[in-house]
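Only one structure is covered here, and it is reproduced in the block below.
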Amino acid sequence: MNAHATAHPEHDMLSALINNVESADDAMAKATQSTVLTPRFYTTDYDAMDRLDVSPLRAEWDAMMAEYEGDNNHDHFQRDAAFAEEAREGMARLSPELRQEFLDFLISSCTSEFSGCILYNEIQKRITNPDIKALMRFMARDESRHAGFINSALRDFGLGIDLGGLKRNKAYTFFKPKYIFYATYLSEKIGYARYITIFRHLEKHPDKRFHPIFRWFERWCNDEFRHGESFALIMRAQPHLLRGLNLWWIRFFTLAVYATMFVRDHTRPLLHEAMGFDSTEYDYAVFRLTSEIAAQVFPVELDIDHPVFRAGLESLLSRSIAHARAKQQGGPLGLAKQAWHAAGAAATFVRLLLLPVRRRPLPAQVRVQPVW
Ligand SMILES: [Fe+2]
Ligand SMILES: [Fe+2]
C-alpha cells in the first residue's frame, strides 16, 4: 500500500518508494524485504576470519579492547520514566505521512542494528582466534542493545519486530571478509556520523525533537564509532587491503554506501524537514564527516563536491523513483521500464565510480577520537 496524496508534492512523488506500516505484520514484512535499498543480513568466510592477525597493531588494539571491556554504555540503553509518555505526546503531533516516514526510519535502523548483531555473533561462535572472538562478542553485545532499544520504541505502537523470526526468514548475502571490512567499516562510521549530526542539531533545536529516542543518540553513536575503529585496525593490520586494485573496492563500497543513503533519505523528506534539516544538506554533512574520519584507513577519498558527483546522486534518486513507479504499473511495459531505469542507474553508478579521487597518506597512528 502506498501513502495517499498529500499537500507535499515532493513527498507524493517519493512515497512511491515507501510502503505504509499499519500492523506488526507490515513492520515484519518491511524488515524482511531485501532490495538494493534495504539493510541486508550477511554471512562470511569464518575460517578466513579466524586467521586474521592484529599483532602488528597490538598496542592500539589492546587499548581499544580495554574500552570495550569497560563498557561505558552498560547502563545507557534503558528507558527513563519519561520515555513512553514523551513518545506518545510527540507522535500524536505528527501527520500520518510523517509518522510513516519515522516508522520506516525506525524499522530500517532496527534491521540494520540487528544485521550487525547477527553477523558479529555468528563470527564469534565459529572462530577460536582470541582477539577477533573477543571483539565480535563485544560488538554483538552493543548491537543487540541497539536493536532492542529501537524495537522497544516500535513496540510502543504495537509494531515490534520478531527479531528471532527475522533471523530465520530474511535472506543472507555472502561477503568475503574484505568486503565485510570495507562495507561494515563504512556503515559503522556513517552510522556514527548520522547519529551525531542529528543529536548536535536537536541539541540546538530541542523543539524539533519529536521523539525521545534522539536523546539517546550521543552515547549510542560512540559505540558505532568504536566498532568502526575495530575494522580500521583490522584493515591497517593487513595493508594489502588498502592498496593496488583494492583501492577500487574502497571506491566502490564508499560510493555504494553514499548512494544508498542518499536515495533512502530522500524517500523520507518529511522526517528531515520535521527535524529542521534539508535531506540533501544533511546527507552531504554526513558524507563530509565520514570522509574526514575515513582518512585513518582509506588512502582515497571520493570528490563529493564534484558537480558530476552531485548530479549523479540526483539522477540515481530519480531513477529509483521511476523504477518504483514502473513496478507499480506492472505488466510487460512496467517490466521494460524497470529494466531501462536499472540499466540507467548502473551506467550512472559506473560514471561516478570513474570520477577522479583525492589521494591522501595514511597516518601512523590509526585511531581517532569521536570529537564531533
Ligand atoms: Fe549499532
Ligand atoms: Fe555498530
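As shown in the C-alpha cells, the chain order sets the letters A, B, ...; within each chain, residues go from 1, and ligands are also counted from 1 in the order they appear.
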
Determine, using only C-alpha atoms, which residues of segment 7-61 of chain A have any atom at most 10 Å from an atom of segment 175-199 of chain A, and tabulate each with its shortest atom pair and distance in Å to one decimal place, rows ordered by chain and then rising number, as a Markdown table.
```
| residue | atom | partner | partner_atom | distance |
| --- | --- | --- | --- | --- |
| A:Tyr42 | CA | A:Phe175 | CA | 6.7 |
| A:Thr43 | CA | A:Phe175 | CA | 6.3 |
| A:Thr44 | CA | A:Phe175 | CA | 5.2 |
| A:Asp45 | CA | A:Lys176 | CA | 6.0 |
| A:Tyr46 | CA | A:Pro177 | CA | 8.2 |
| A:Asp47 | CA | A:Pro177 | CA | 9.8 |
| A:Ala48 | CA | A:Pro177 | CA | 7.1 |
| A:Met49 | CA | A:Pro177 | CA | 6.7 |
| A:Leu52 | CA | A:Pro177 | CA | 9.8 |
```

I need the residues from that last selection saved to file as a PDB file, in the first residue's frame (with C-alpha atoms), if you can.
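Contents of out-v1.pdb, as written:
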```
ATOM      1  CA  TYR A  42      25.427 -11.167   5.877  1.00  0.00           C
ATOM      2  CA  THR A  43      27.443 -14.348   6.191  1.00  0.00           C
ATOM      3  CA  THR A  44      31.158 -14.631   5.512  1.00  0.00           C
ATOM      4  CA  ASP A  45      34.161 -16.951   5.354  1.00  0.00           C
ATOM      5  CA  TYR A  46      34.626 -17.776   9.032  1.00  0.00           C
ATOM      6  CA  ASP A  47      37.911 -19.674   8.551  1.00  0.00           C
ATOM      7  CA  ALA A  48      39.440 -16.599   6.946  1.00  0.00           C
ATOM      8  CA  MET A  49      38.170 -14.502   9.868  1.00  0.00           C
ATOM      9  CA  LEU A  52      43.272 -12.629  10.981  1.00  0.00           C
TER      10      LEU A  52
END
```

(Q) How would you report the residues lying within 7 Å of ligand 1, as an MDAnalysis selection string, if you count only C-alpha atoms and all ligand atoms? (A) chainID A and resid 113 142:143 146 223:224

Q.
From the options A:Met64, A:Ala84, A:Cys221, A:Leu302, which residue's atoms come nearest to ligand 2, counting only C-alpha atoms and all ligand atoms?
A.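 Smallest separation from ligand 2 among the options: A:Cys221.
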
Find the residues near Phe138 of chain A: any atom within 12 Å, counting only C-alpha atoms, skip ones fewer than 5 places away on the same chain, and give them as a compact mmCIF listing (two decimals) with C-alpha atoms, in the first residue's frame.
```
# COMPACT_ATOMS: atom_id res chain seq x y z
CA MET A 64 40.55 -0.47 22.23
CA MET A 65 39.69 -3.82 23.81
CA ALA A 66 40.09 -2.27 27.25
CA GLU A 67 37.44 0.30 26.26
CA TYR A 68 35.04 -2.47 25.23
CA GLU A 69 35.75 -4.25 28.49
CA GLY A 70 35.00 -1.08 30.46
CA ASP A 71 31.57 -0.96 28.76
CA ASN A 73 27.37 2.31 27.88
CA HIS A 74 26.25 -0.63 30.03
CA GLY A 116 25.39 -6.29 12.77
CA CYS A 117 24.34 -8.26 15.84
CA TYR A 120 29.23 -10.43 14.76
CA ASN A 121 27.59 -13.16 16.80
CA ILE A 123 31.64 -14.93 13.59
CA GLN A 124 32.21 -15.09 17.33
CA ASP A 131 41.43 -11.36 19.51
CA ILE A 132 38.70 -11.48 16.89
CA LYS A 133 36.41 -13.63 19.02
CA GLU A 143 24.31 -4.12 18.52
CA SER A 144 21.89 -6.32 20.42
CA ARG A 145 21.25 -3.43 22.84
CA ASP A 223 29.56 2.55 20.26
CA GLU A 224 29.28 2.78 16.45
CA ARG A 226 34.35 2.26 18.27
CA HIS A 227 33.03 -0.54 16.06
CA SER A 230 37.92 -2.02 15.21
```

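Of the listed residues A:Ile107, A:Ala343, A:Ala171, A:Leu354, the one whose atoms come nearest to Phe252 of chain A is A:Leu354, with distances taken using only C-alpha atoms.
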
Q | Residues flagged helix (DSSP H, G or I) by DSSP in segment 139-212 of chain A, as a VMD selection string | A | chain A and resid 139 to 155 163 to 169 177 to 204 206 to 208 212

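In the backbone-derived DSSP annotation, strand (DSSP E) within segment 40-228 of chain A comprises Phe41, Tyr42, Thr43, Tyr172, Thr173 and Phe174 of chain A.
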
Store the residues picked out above in a file with N, CA and C atoms, as a PDB file, in the first residue's frame.
```pdb
ATOM      1  N   PHE A  41      21.296  -8.860   5.595  1.00  0.00           N
ATOM      2  CA  PHE A  41      21.981  -9.724   6.565  1.00  0.00           C
ATOM      3  C   PHE A  41      23.139 -10.402   5.827  1.00  0.00           C
ATOM      4  N   TYR A  42      24.224 -10.638   6.538  1.00  0.00           N
ATOM      5  CA  TYR A  42      25.427 -11.167   5.877  1.00  0.00           C
ATOM      6  C   TYR A  42      25.951 -12.442   6.520  1.00  0.00           C
ATOM      7  N   THR A  43      26.590 -13.273   5.679  1.00  0.00           N
ATOM      8  CA  THR A  43      27.443 -14.348   6.191  1.00  0.00           C
ATOM      9  C   THR A  43      28.815 -14.127   5.549  1.00  0.00           C
ATOM     10  N   TYR A 172      20.152 -14.041   3.383  1.00  0.00           N
ATOM     11  CA  TYR A 172      21.533 -13.685   3.762  1.00  0.00           C
ATOM     12  C   TYR A 172      22.379 -13.510   2.504  1.00  0.00           C
ATOM     13  N   THR A 173      23.273 -12.531   2.549  1.00  0.00           N
ATOM     14  CA  THR A 173      24.194 -12.293   1.439  1.00  0.00           C
ATOM     15  C   THR A 173      25.589 -12.699   1.901  1.00  0.00           C
ATOM     16  N   PHE A 174      26.288 -13.498   1.061  1.00  0.00           N
ATOM     17  CA  PHE A 174      27.656 -13.875   1.412  1.00  0.00           C
ATOM     18  C   PHE A 174      28.626 -12.792   0.949  1.00  0.00           C
TER      19      PHE A 174
END
```

Q: Mind checking which residues fall within 10 Å of segment 262-271 of chain A, counting only C-alpha atoms, ignoring those fewer than 4 positions away in the same chain, and posting them as number ranges by chain?
A: A: 8, 10-18, 37-38, 94-95, 97-105, 108, 256-258, 275-280, 282-284, 287, 313-321

Long-range neighbours of Phe349 of chain A as a CSV table (one decimal) with all heavy atoms, in the first residue's frame, 9 Å cut-off, only C-alpha atoms, 2 positions minimum in chain:
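Output file selection19.csv follows:
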```
chain,number,residue,atom,x,y,z
A,255,LEU,N,31.1,4.6,-2.6
A,255,LEU,CA,30.1,5.1,-3.5
A,255,LEU,C,28.7,4.4,-3.2
A,255,LEU,O,27.7,5.0,-3.1
A,255,LEU,CB,30.5,5.0,-5.0
A,255,LEU,CG,29.5,5.5,-6.0
A,255,LEU,CD1,29.1,6.9,-5.8
A,255,LEU,CD2,30.0,5.2,-7.4
A,256,ALA,N,28.8,3.1,-3.1
A,256,ALA,CA,27.6,2.3,-2.9
A,256,ALA,C,26.9,2.7,-1.6
A,256,ALA,O,25.7,3.0,-1.5
A,256,ALA,CB,27.8,0.8,-2.9
A,259,ALA,N,25.5,6.4,-2.0
A,259,ALA,CA,24.4,6.5,-3.0
A,259,ALA,C,23.1,5.9,-2.3
A,259,ALA,O,22.0,6.4,-2.4
A,259,ALA,CB,24.7,5.8,-4.3
A,312,GLY,N,25.0,13.1,-10.3
A,312,GLY,CA,24.8,11.7,-10.4
A,312,GLY,C,23.9,11.1,-9.3
A,312,GLY,O,23.1,10.3,-9.5
A,313,LEU,N,24.1,11.6,-8.1
A,313,LEU,CA,23.3,11.2,-7.0
A,313,LEU,C,21.8,11.6,-7.2
A,313,LEU,O,20.9,10.8,-7.0
A,313,LEU,CB,23.7,11.7,-5.6
A,313,LEU,CG,25.0,11.1,-5.1
A,313,LEU,CD1,25.2,11.5,-3.6
A,313,LEU,CD2,25.1,9.6,-5.2
A,316,LEU,N,20.5,9.1,-9.7
A,316,LEU,CA,20.2,7.8,-9.1
A,316,LEU,C,18.8,7.9,-8.4
A,316,LEU,O,18.1,6.9,-8.4
A,316,LEU,CB,21.3,7.4,-8.1
A,316,LEU,CG,22.6,6.9,-8.8
A,316,LEU,CD1,23.7,6.7,-7.8
A,316,LEU,CD2,22.4,5.7,-9.7
A,344,GLY,N,20.0,2.4,-16.6
A,344,GLY,CA,20.4,3.8,-16.5
A,344,GLY,C,21.1,4.1,-15.2
A,344,GLY,O,22.1,4.8,-15.1
A,345,ALA,N,20.6,3.5,-14.1
A,345,ALA,CA,21.2,3.7,-12.8
A,345,ALA,C,22.6,3.1,-12.7
A,345,ALA,O,23.5,3.7,-12.2
A,345,ALA,CB,20.3,3.1,-11.7
A,346,ALA,N,22.7,1.9,-13.3
A,346,ALA,CA,24.0,1.2,-13.4
A,346,ALA,C,25.0,2.0,-14.1
A,346,ALA,O,26.2,2.2,-13.7
A,346,ALA,CB,23.9,-0.2,-14.0
A,347,ALA,N,24.6,2.6,-15.3
A,347,ALA,CA,25.5,3.4,-16.1
A,347,ALA,C,26.0,4.7,-15.3
A,347,ALA,O,27.2,5.0,-15.3
A,347,ALA,CB,24.9,3.9,-17.4
A,351,ARG,N,29.8,5.7,-14.0
A,351,ARG,CA,30.3,7.0,-14.3
A,351,ARG,C,30.9,7.6,-13.0
A,351,ARG,O,32.0,8.2,-13.0
A,351,ARG,CB,29.2,7.9,-14.9
A,351,ARG,CG,29.5,9.3,-15.1
A,351,ARG,CD,29.4,9.7,-16.5
A,351,ARG,NE,30.2,10.9,-16.8
A,351,ARG,CZ,29.7,12.2,-16.9
A,351,ARG,NH1,28.4,12.3,-16.7
A,351,ARG,NH2,30.4,13.2,-17.1
A,352,LEU,N,30.1,7.5,-11.9
A,352,LEU,CA,30.6,8.1,-10.6
A,352,LEU,C,31.8,7.4,-10.1
A,352,LEU,O,32.7,8.0,-9.5
A,352,LEU,CB,29.5,8.1,-9.6
A,352,LEU,CG,28.2,8.9,-10.0
A,352,LEU,CD1,27.2,8.9,-8.8
A,352,LEU,CD2,28.6,10.3,-10.4
A,353,LEU,N,31.9,6.1,-10.3
A,353,LEU,CA,33.0,5.3,-9.9
A,353,LEU,C,34.3,5.7,-10.6
A,353,LEU,O,35.4,5.6,-10.0
A,353,LEU,CB,32.7,3.8,-10.1
A,353,LEU,CG,33.5,2.8,-9.5
A,353,LEU,CD1,33.5,2.9,-8.0
A,353,LEU,CD2,33.0,1.4,-9.8
A,354,LEU,N,34.1,6.2,-11.8
A,354,LEU,CA,35.3,6.5,-12.6
A,354,LEU,C,35.8,8.0,-12.4
A,354,LEU,O,36.8,8.4,-12.8
A,354,LEU,CB,35.1,6.3,-14.1
A,354,LEU,CG,34.8,4.8,-14.4
A,354,LEU,CD1,34.4,4.7,-15.9
A,354,LEU,CD2,36.0,3.9,-14.1
```

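Here atom CA of Asp75 of chain A is placed at a distance of 12.8 Å from atom CA of Arg141 of chain A.
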
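Once His211 of chain A and its same-chain neighbours fewer than 4 positions away are set aside, Glu86, Ala87 and Gly90 of chain A remain within 7 Å of it when counting only C-alpha atoms.
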
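You can rank A:His323, A:Thr348, A:Gln238, A:Glu292 by their closest distance to Pro56 of chain A using only C-alpha atoms, and at the top of that list sits A:Gln238.
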
Q: Can you work out the spacing between atom CA of Pro39 of chain A and atom CA of Thr111 of chain A in Å, to one decimal?
A: 6.4 Å
